[in-house]
file data31.pdb (PDB, C-alpha atoms, pLDDT in the B column)
ATOM      1  CA  MET C   1    -182.505 -70.944 189.054  1.00 63.00           C
ATOM      2  CA  PRO C   2    -184.846 -72.382 186.385  1.00 70.00           C
ATOM      3  CA  LYS C   3    -183.481 -73.751 183.096  1.00 70.00           C
ATOM      4  CA  ALA C   4    -184.187 -72.054 179.806  1.00 74.00           C
ATOM      5  CA  LYS C   5    -187.140 -73.485 177.937  1.00 73.00           C
ATOM      6  CA  GLY C   6    -186.200 -75.993 175.262  1.00 68.00           C
ATOM      7  CA  LYS C   7    -182.850 -76.976 176.781  1.00 72.00           C
ATOM      8  CA  THR C   8    -184.120 -80.253 178.292  1.00 73.00           C
ATOM      9  CA  ARG C   9    -184.964 -81.847 174.929  1.00 77.00           C
ATOM     10  CA  ARG C  10    -183.357 -85.252 174.439  1.00 83.00           C
ATOM     11  CA  GLN C  11    -180.494 -85.598 171.914  1.00 85.00           C
ATOM     12  CA  LYS C  12    -181.448 -87.105 168.548  1.00 90.00           C
ATOM     13  CA  PHE C  13    -179.047 -88.822 166.169  1.00 92.00           C
ATOM     14  CA  GLY C  14    -178.392 -86.815 163.022  1.00 93.00           C
ATOM     15  CA  TYR C  15    -178.781 -89.272 160.156  1.00 95.00           C
ATOM     16  CA  SER C  16    -178.113 -86.619 157.547  1.00 95.00           C
ATOM     17  CA  VAL C  17    -174.586 -85.869 158.860  1.00 95.00           C
ATOM     18  CA  ASN C  18    -171.707 -87.442 156.936  1.00 96.00           C
ATOM     19  CA  ARG C  19    -169.517 -88.864 159.729  1.00 96.00           C
ATOM     20  CA  LYS C  20    -166.705 -89.799 157.377  1.00 97.00           C
ATOM     21  CA  ARG C  21    -166.342 -86.197 156.211  1.00 96.00           C
ATOM     22  CA  LEU C  22    -166.546 -84.908 159.801  1.00 95.00           C
ATOM     23  CA  ASN C  23    -163.729 -87.227 160.916  1.00 94.00           C
ATOM     24  CA  ARG C  24    -161.595 -86.356 157.898  1.00 91.00           C
ATOM     25  CA  ASN C  25    -161.994 -82.618 158.559  1.00 89.00           C
ATOM     26  CA  ALA C  26    -161.207 -83.112 162.251  1.00 90.00           C
ATOM     27  CA  ARG C  27    -157.996 -84.988 161.372  1.00 87.00           C
ATOM     28  CA  ARG C  28    -157.049 -82.285 158.891  1.00 82.00           C
ATOM     29  CA  LYS C  29    -157.492 -79.576 161.527  1.00 81.00           C
ATOM     30  CA  ALA C  30    -155.556 -81.568 164.123  1.00 82.00           C
ATOM     31  CA  ALA C  31    -152.580 -81.966 161.764  1.00 79.00           C
ATOM     32  CA  PRO C  32    -152.186 -78.567 160.080  1.00 78.00           C
ATOM     33  CA  ARG C  33    -151.042 -78.335 156.473  1.00 83.00           C
ATOM     34  CA  ILE C  34    -147.338 -77.654 155.907  1.00 88.00           C
ATOM     35  CA  GLU C  35    -147.109 -74.609 153.635  1.00 90.00           C
ATOM     36  CA  CYS C  36    -143.647 -75.338 152.174  1.00 91.00           C
ATOM     37  CA  SER C  37    -144.135 -77.882 149.383  1.00 91.00           C
ATOM     38  CA  HIS C  38    -140.544 -79.213 149.593  1.00 93.00           C
ATOM     39  CA  ILE C  39    -140.908 -80.075 153.270  1.00 92.00           C
ATOM     40  CA  ARG C  40    -144.489 -81.330 152.854  1.00 90.00           C
ATOM     41  CA  HIS C  41    -143.514 -83.907 150.189  1.00 91.00           C
ATOM     42  CA  ALA C  42    -140.588 -85.226 152.237  1.00 92.00           C
ATOM     43  CA  TRP C  43    -142.531 -85.380 155.520  1.00 90.00           C
ATOM     44  CA  ASP C  44    -142.949 -88.747 157.242  1.00 90.00           C
ATOM     45  CA  HIS C  45    -146.018 -88.748 159.504  1.00 83.00           C
ATOM     46  CA  ALA C  46    -144.745 -91.750 161.459  1.00 86.00           C
ATOM     47  CA  LYS C  47    -141.805 -89.698 162.817  1.00 89.00           C
ATOM     48  CA  SER C  48    -141.640 -86.746 165.168  1.00 88.00           C
ATOM     49  CA  VAL C  49    -141.066 -83.163 164.056  1.00 88.00           C
ATOM     50  CA  ARG C  50    -137.469 -83.197 165.298  1.00 91.00           C
ATOM     51  CA  GLN C  51    -136.694 -86.456 163.493  1.00 91.00           C
ATOM     52  CA  ASN C  52    -138.241 -85.246 160.239  1.00 92.00           C
ATOM     53  CA  LEU C  53    -136.367 -81.956 160.248  1.00 92.00           C
ATOM     54  CA  ALA C  54    -133.083 -83.636 161.244  1.00 91.00           C
ATOM     55  CA  GLU C  55    -133.400 -85.984 158.256  1.00 92.00           C
ATOM     56  CA  MET C  56    -133.857 -82.962 155.998  1.00 92.00           C
ATOM     57  CA  GLY C  57    -130.849 -81.165 157.461  1.00 90.00           C
ATOM     58  CA  LEU C  58    -132.976 -78.537 159.218  1.00 91.00           C
ATOM     59  CA  ALA C  59    -133.144 -77.625 162.890  1.00 90.00           C
ATOM     60  CA  VAL C  60    -136.095 -77.415 165.256  1.00 90.00           C
ATOM     61  CA  ASP C  61    -134.325 -75.131 167.716  1.00 90.00           C
ATOM     62  CA  PRO C  62    -131.825 -72.662 166.193  1.00 88.00           C
ATOM     63  CA  ASN C  63    -130.251 -72.071 169.601  1.00 86.00           C
ATOM     64  CA  ARG C  64    -129.199 -75.708 169.800  1.00 85.00           C
ATOM     65  CA  ALA C  65    -128.223 -75.939 166.146  1.00 85.00           C
ATOM     66  CA  VAL C  66    -125.693 -73.117 166.433  1.00 83.00           C
ATOM     67  CA  PRO C  67    -124.805 -72.881 170.111  1.00 78.00           C
ATOM     68  CA  LEU C  68    -123.119 -69.724 171.317  1.00 79.00           C
ATOM     69  CA  ARG C  69    -120.132 -70.228 173.535  1.00 77.00           C
ATOM     70  CA  LYS C  70    -120.297 -68.433 176.830  1.00 76.00           C
ATOM     71  CA  ARG C  71    -117.404 -66.087 177.252  1.00 75.00           C
ATOM     72  CA  LYS C  72    -115.395 -66.551 180.368  1.00 71.00           C
ATOM     73  CA  ALA C  73    -114.035 -63.525 182.116  1.00 67.00           C
ATOM     74  CA  LEU C  74    -110.309 -63.448 181.507  1.00 62.00           C
ATOM     75  CA  PRO C  75    -108.075 -62.585 184.443  1.00 62.00           C
ATOM     76  CA  SER C  76    -106.171 -59.349 184.408  1.00 61.00           C
ATOM     77  CA  PHE C  77    -103.084 -59.247 182.211  1.00 59.00           C
ATOM     78  CA  ARG C  78    -100.146 -61.305 183.433  1.00 59.00           C
ATOM     79  CA  PRO C  79     -96.806 -61.909 181.814  1.00 59.00           C
ATOM     80  CA  PRO C  80     -96.653 -64.986 179.521  1.00 59.00           C
ATOM     81  CA  HIS C  81     -94.241 -66.851 181.807  1.00 61.00           C
ATOM     82  CA  SER C  82     -96.957 -67.054 184.472  1.00 53.00           C
ATOM     83  CA  GLN C  83     -98.737 -70.383 185.048  1.00 55.00           C
ATOM     84  CA  ASN C  84    -102.221 -68.787 184.881  1.00 53.00           C
ATOM     85  CA  ALA C  85    -101.689 -67.719 181.286  1.00 50.00           C
ATOM     86  CA  GLN C  86    -101.286 -71.343 180.215  1.00 52.00           C
ATOM     87  CA  LEU C  87    -104.381 -72.379 182.156  1.00 49.00           C
ATOM     88  CA  THR C  88    -106.626 -69.807 180.457  1.00 50.00           C
ATOM     89  CA  VAL C  89    -105.487 -70.945 177.003  1.00 48.00           C
ATOM     90  CA  LYS C  90    -106.272 -74.559 177.891  1.00 49.00           C
ATOM     91  CA  ALA C  91    -109.690 -73.571 179.246  1.00 48.00           C
ATOM     92  CA  MET C  92    -110.580 -71.791 175.987  1.00 49.00           C
ATOM     93  CA  GLU C  93    -109.500 -74.813 173.936  1.00 48.00           C
ATOM     94  CA  VAL C  94    -111.769 -77.079 175.979  1.00 44.00           C
ATOM     95  CA  ASP C  95    -114.816 -74.832 175.324  1.00 47.00           C
ATOM     96  CA  ILE C  96    -114.746 -75.626 171.613  1.00 48.00           C
ATOM     97  CA  GLU C  97    -116.237 -79.061 171.341  1.00 51.00           C
ATOM     98  CA  GLU C  98    -117.676 -80.702 168.267  1.00 55.00           C
ATOM     99  CA  ARG C  99    -121.241 -81.929 168.442  1.00 54.00           C
ATOM    100  CA  PRO C 100    -121.974 -85.135 166.580  1.00 56.00           C
ATOM    101  CA  LYS C 101    -123.690 -84.344 163.288  1.00 64.00           C
ATOM    102  CA  GLU C 102    -127.017 -86.073 162.702  1.00 69.00           C
ATOM    103  CA  LEU C 103    -127.339 -88.063 159.492  1.00 82.00           C
ATOM    104  CA  VAL C 104    -129.039 -86.115 156.699  1.00 86.00           C
ATOM    105  CA  ARG C 105    -131.069 -88.668 154.748  1.00 89.00           C
ATOM    106  CA  LYS C 106    -132.993 -86.186 152.607  1.00 92.00           C
ATOM    107  CA  PRO C 107    -130.466 -83.574 151.421  1.00 92.00           C
ATOM    108  CA  TYR C 108    -132.546 -82.757 148.357  1.00 93.00           C
ATOM    109  CA  VAL C 109    -134.987 -80.791 150.557  1.00 93.00           C
ATOM    110  CA  LEU C 110    -132.218 -78.495 151.768  1.00 92.00           C
ATOM    111  CA  ASN C 111    -130.874 -78.122 148.207  1.00 93.00           C
ATOM    112  CA  ASP C 112    -134.339 -77.222 146.894  1.00 94.00           C
ATOM    113  CA  LEU C 113    -134.857 -74.658 149.662  1.00 93.00           C
ATOM    114  CA  GLU C 114    -131.460 -73.054 148.970  1.00 93.00           C
ATOM    115  CA  ALA C 115    -132.165 -72.946 145.230  1.00 93.00           C
ATOM    116  CA  GLU C 116    -135.553 -71.322 145.845  1.00 92.00           C
ATOM    117  CA  ALA C 117    -134.033 -68.768 148.219  1.00 92.00           C
ATOM    118  CA  SER C 118    -131.330 -67.826 145.699  1.00 93.00           C
ATOM    119  CA  LEU C 119    -133.891 -66.875 143.024  1.00 91.00           C
ATOM    120  CA  PRO C 120    -134.376 -63.123 142.541  1.00 89.00           C
ATOM    121  CA  GLU C 121    -137.458 -61.686 144.191  1.00 84.00           C
ATOM    122  CA  LYS C 122    -140.331 -60.792 141.890  1.00 78.00           C
ATOM    123  CA  LYS C 123    -141.787 -57.310 141.994  1.00 73.00           C
ATOM    124  CA  GLY C 124    -145.296 -57.913 143.190  1.00 73.00           C
ATOM    125  CA  ASN C 125    -146.392 -54.328 143.624  1.00 79.00           C
ATOM    126  CA  THR C 126    -147.762 -52.331 140.703  1.00 84.00           C
ATOM    127  CA  LEU C 127    -149.491 -49.020 140.265  1.00 89.00           C
ATOM    128  CA  SER C 128    -153.180 -48.629 139.518  1.00 92.00           C
ATOM    129  CA  ARG C 129    -154.265 -47.737 136.004  1.00 93.00           C
ATOM    130  CA  ASP C 130    -155.949 -44.584 137.381  1.00 94.00           C
ATOM    131  CA  LEU C 131    -152.700 -43.308 138.907  1.00 94.00           C
ATOM    132  CA  ILE C 132    -150.776 -43.975 135.675  1.00 95.00           C
ATOM    133  CA  ASP C 133    -153.391 -42.112 133.605  1.00 95.00           C
ATOM    134  CA  TYR C 134    -153.394 -39.245 136.126  1.00 96.00           C
ATOM    135  CA  VAL C 135    -149.608 -38.853 136.012  1.00 96.00           C
ATOM    136  CA  ARG C 136    -149.510 -39.037 132.206  1.00 95.00           C
ATOM    137  CA  TYR C 137    -152.271 -36.449 131.885  1.00 96.00           C
ATOM    138  CA  MET C 138    -150.533 -34.035 134.266  1.00 96.00           C
ATOM    139  CA  VAL C 139    -147.127 -34.339 132.588  1.00 95.00           C
ATOM    140  CA  GLU C 140    -148.683 -34.082 129.117  1.00 94.00           C
ATOM    141  CA  ASN C 141    -150.533 -30.860 129.910  1.00 94.00           C
ATOM    142  CA  HIS C 142    -148.207 -29.130 132.382  1.00 95.00           C
ATOM    143  CA  GLY C 143    -144.715 -30.569 131.904  1.00 92.00           C
ATOM    144  CA  GLU C 144    -142.708 -29.814 135.060  1.00 93.00           C
ATOM    145  CA  ASP C 145    -145.009 -27.121 136.478  1.00 95.00           C
ATOM    146  CA  TYR C 146    -146.292 -28.746 139.670  1.00 96.00           C
ATOM    147  CA  LYS C 147    -148.180 -25.668 140.849  1.00 96.00           C
ATOM    148  CA  ALA C 148    -150.221 -25.659 137.647  1.00 96.00           C
ATOM    149  CA  MET C 149    -150.879 -29.386 138.143  1.00 96.00           C
ATOM    150  CA  ALA C 150    -152.189 -28.684 141.642  1.00 96.00           C
ATOM    151  CA  ARG C 151    -154.628 -26.099 140.194  1.00 96.00           C
ATOM    152  CA  ASP C 152    -155.780 -28.395 137.373  1.00 95.00           C
ATOM    153  CA  GLU C 153    -159.467 -29.384 137.375  1.00 95.00           C
ATOM    154  CA  LYS C 154    -158.559 -33.091 137.070  1.00 94.00           C
ATOM    155  CA  ASN C 155    -156.778 -32.923 140.435  1.00 95.00           C
ATOM    156  CA  TYR C 156    -159.813 -34.478 142.117  1.00 93.00           C
ATOM    157  CA  TYR C 157    -158.061 -35.367 145.353  1.00 92.00           C
ATOM    158  CA  GLN C 158    -156.627 -31.840 145.700  1.00 95.00           C
ATOM    159  CA  ASP C 159    -153.040 -33.064 145.844  1.00 96.00           C
ATOM    160  CA  THR C 160    -150.413 -30.489 146.716  1.00 96.00           C
ATOM    161  CA  PRO C 161    -147.529 -29.875 144.290  1.00 96.00           C
ATOM    162  CA  LYS C 162    -145.228 -32.020 146.457  1.00 97.00           C
ATOM    163  CA  GLN C 163    -147.726 -34.888 146.475  1.00 96.00           C
ATOM    164  CA  ILE C 164    -148.044 -34.734 142.694  1.00 97.00           C
ATOM    165  CA  ARG C 165    -144.243 -34.695 142.327  1.00 97.00           C
ATOM    166  CA  SER C 166    -143.956 -37.754 144.572  1.00 96.00           C
ATOM    167  CA  LYS C 167    -146.600 -39.607 142.506  1.00 96.00           C
ATOM    168  CA  ILE C 168    -144.675 -38.813 139.329  1.00 96.00           C
ATOM    169  CA  ASN C 169    -141.441 -40.024 140.945  1.00 96.00           C
ATOM    170  CA  VAL C 170    -143.131 -43.262 141.999  1.00 94.00           C
ATOM    171  CA  TYR C 171    -144.262 -43.799 138.412  1.00 95.00           C
ATOM    172  CA  LYS C 172    -140.721 -43.125 137.161  1.00 94.00           C
ATOM    173  CA  ARG C 173    -139.291 -45.608 139.679  1.00 92.00           C
ATOM    174  CA  PHE C 174    -141.801 -48.390 138.952  1.00 90.00           C
ATOM    175  CA  TYR C 175    -141.779 -48.159 135.160  1.00 91.00           C
ATOM    176  CA  PRO C 176    -138.519 -46.531 133.989  1.00 93.00           C
ATOM    177  CA  ALA C 177    -138.696 -47.896 130.419  1.00 93.00           C
ATOM    178  CA  GLU C 178    -142.347 -46.912 129.998  1.00 93.00           C
ATOM    179  CA  TRP C 179    -141.579 -43.442 131.407  1.00 95.00           C
ATOM    180  CA  GLN C 180    -138.750 -42.951 128.906  1.00 95.00           C
ATOM    181  CA  ASP C 181    -140.999 -44.012 126.006  1.00 95.00           C
ATOM    182  CA  PHE C 182    -143.649 -41.568 127.228  1.00 94.00           C
ATOM    183  CA  LEU C 183    -141.133 -38.686 127.331  1.00 93.00           C
ATOM    184  CA  ASP C 184    -139.871 -39.593 123.847  1.00 94.00           C
ATOM    185  CA  SER C 185    -143.432 -39.546 122.493  1.00 93.00           C
ATOM    186  CA  LEU C 186    -143.949 -36.094 124.068  1.00 92.00           C
ATOM    187  CA  GLN C 187    -140.760 -34.835 122.379  1.00 92.00           C
ATOM    188  CA  LYS C 188    -141.975 -36.150 118.997  1.00 91.00           C
ATOM    189  CA  ARG C 189    -145.308 -34.358 119.432  1.00 88.00           C
ATOM    190  CA  LYS C 190    -143.479 -31.103 120.175  1.00 85.00           C
ATOM    191  CA  MET C 191    -141.348 -31.521 117.039  1.00 86.00           C
ATOM    192  CA  GLU C 192    -144.413 -32.189 114.885  1.00 87.00           C
ATOM    193  CA  VAL C 193    -146.246 -29.115 116.248  1.00 82.00           C
ATOM    194  CA  GLU C 194    -143.261 -26.832 115.584  1.00 77.00           C
TER     195      GLU C 194
END

call {"tool": "encode", "arguments": {"input": "data31.pdb", "output": "structure tokens"}}
result
Amino acid sequence: MPKAKGKTRRQKFGYSVNRKRLNRNARRKAAPRIECSHIRHAWDHAKSVRQNLAEMGLAVDPNRAVPLRKRKALPSFRPPHSQNAQLTVKAMEVDIEERPKELVRKPYVLNDLEAEASLPEKKGNTLSRDLIDYVRYMVENHGEDYKAMARDEKNYYQDTPKQIRSKINVYKRFYPAEWQDFLDSLQKRKMEVE
């Protein structure tokens, strides 16, 4: 089968290519970046992954770090004066063996990770400005009448009364203080009109 035209051209050296940058990027891809900053700063590239994590007090394999004892099938019930009863107790005592603890040379990493995990989680989700304006408009004009809200001309997405109620409840749940201020301002407007 004939070769495609242009594939037999000899290779030319690319003088415009920065070899130093190519090698640096290749090394960076070969050794991926550690996302956790605490672990990244304490990492020693001369040691293996297991050695690094053991120095920090972390485990590579959770199954080995906290081994589960295999349960042995106990024989059927026998009176305590039987010899087999004493043997089973001794067998269970032998199963519990202490593993030698590895030396933790960098305990500050574990302390930093625990401190970071104990912080309260930030609320990252918010509502769009359009949804907030929509809910405020509907409550301002219709109060609690969800059927009237569904028939309103500003109901562009043709939400059903239940969908509108759920959007209002989401707004109440996300911004309870703002919702209360909004209701108070509506009450003041009613008082001023009357």

call {"tool": "axis_aligned_box", "arguments": {"input": "data31.pdb", "around": "region 131-134 of chain C", "padding_each_side": "6 Å", "output": "AutoDock Vina command-line options"}}
result
--center_x -152.1 --center_y -41.6 --center_z 136.3 --size_x 14.6 --size_y 16.7 --size_z 17.3

call {"tool": "closest_residue", "arguments": {"input": "data31.pdb", "among": "C:Lys162, C:Lys122, C:Lys154, C:Arg71", "to": "Tyr134 (chain C)", "atoms": "all atoms listed in the file"}}
result
C:Lys154

call {"tool": "resolve_selection", "arguments": {"input": "data31.pdb", "expression": "the PyMOL selection byres ((chain C and resi 137-139) around 10)", "output": "PDB file with C-alpha atoms, keeping the file's coordinate frame"}}
result
ATOM      1  CA  LEU C 131    -152.700 -43.308 138.907  1.00 94.00           C
ATOM      2  CA  ILE C 132    -150.776 -43.975 135.675  1.00 95.00           C
ATOM      3  CA  ASP C 133    -153.391 -42.112 133.605  1.00 95.00           C
ATOM      4  CA  TYR C 134    -153.394 -39.245 136.126  1.00 96.00           C
ATOM      5  CA  VAL C 135    -149.608 -38.853 136.012  1.00 96.00           C
ATOM      6  CA  ARG C 136    -149.510 -39.037 132.206  1.00 95.00           C
ATOM      7  CA  GLU C 140    -148.683 -34.082 129.117  1.00 94.00           C
ATOM      8  CA  ASN C 141    -150.533 -30.860 129.910  1.00 94.00           C
ATOM      9  CA  HIS C 142    -148.207 -29.130 132.382  1.00 95.00           C
ATOM     10  CA  GLY C 143    -144.715 -30.569 131.904  1.00 92.00           C
ATOM     11  CA  GLU C 144    -142.708 -29.814 135.060  1.00 93.00           C
ATOM     12  CA  ASP C 145    -145.009 -27.121 136.478  1.00 95.00           C
ATOM     13  CA  TYR C 146    -146.292 -28.746 139.670  1.00 96.00           C
ATOM     14  CA  ALA C 148    -150.221 -25.659 137.647  1.00 96.00           C
ATOM     15  CA  MET C 149    -150.879 -29.386 138.143  1.00 96.00           C
ATOM     16  CA  ALA C 150    -152.189 -28.684 141.642  1.00 96.00           C
ATOM     17  CA  ASP C 152    -155.780 -28.395 137.373  1.00 95.00           C
ATOM     18  CA  LYS C 154    -158.559 -33.091 137.070  1.00 94.00           C
ATOM     19  CA  ASN C 155    -156.778 -32.923 140.435  1.00 95.00           C
ATOM     20  CA  ILE C 164    -148.044 -34.734 142.694  1.00 97.00           C
ATOM     21  CA  ILE C 168    -144.675 -38.813 139.329  1.00 96.00           C
ATOM     22  CA  PHE C 182    -143.649 -41.568 127.228  1.00 94.00           C
ATOM     23  CA  LEU C 183    -141.133 -38.686 127.331  1.00 93.00           C
ATOM     24  CA  LEU C 186    -143.949 -36.094 124.068  1.00 92.00           C
TER      25      LEU C 186
END

call {"tool": "closest_residue", "arguments": {"input": "data31.pdb", "among": "C:Ser16, C:Gln11, C:Asn169, C:Asn52", "to": "Arg105 (chain C)", "atoms": "all atoms listed in the file"}}
result
C:Asn52

call {"tool": "atom_distance", "arguments": {"input": "data31.pdb", "atom1": "CA of Gln51 (chain C)", "atom2": "CA of Leu119 (chain C)"}}
result
28.5 Å

call {"tool": "atom_distance", "arguments": {"input": "data31.pdb", "atom1": "CA of Glu55 (chain C)", "atom2": "CA of Glu35 (chain C)"}}
result
18.4 Å

call {"tool": "closest_residue", "arguments": {"input": "data31.pdb", "among": "C:Asp61, C:Glu116, C:Asp159, C:Glu192", "to": "Ser37 (chain C)", "atoms": "only C-alpha atoms"}}
result
C:Glu116

call {"tool": "resolve_selection", "arguments": {"input": "data31.pdb", "expression": "the PyMOL selection byres ((chain C and resi 170) around 12)", "output": "VMD selection string"}}
result
chain C and resid 125 to 128 131 to 132 135 163 to 169 171 to 176 179

call {"tool": "atom_distance", "arguments": {"input": "data31.pdb", "atom1": "CA of Leu58 (chain C)", "atom2": "CA of Asp44 (chain C)"}}
result
14.4 Å

call {"tool": "resolve_selection", "arguments": {"input": "data31.pdb", "expression": "the PyMOL selection byres ((chain C and resi 39) around 12)", "output": "list in words"}}
result
Arg33, Ile34, Glu35, Cys36, Ser37, His38, Arg40, His41, Ala42, Trp43, Asp44, His45, Val49, Asn52, Leu53, Ala54, Glu55, Met56, Gly57, Leu58, Lys106, Pro107, Tyr108, Val109, Leu110, Asn111, Asp112 and Leu113 of chain C
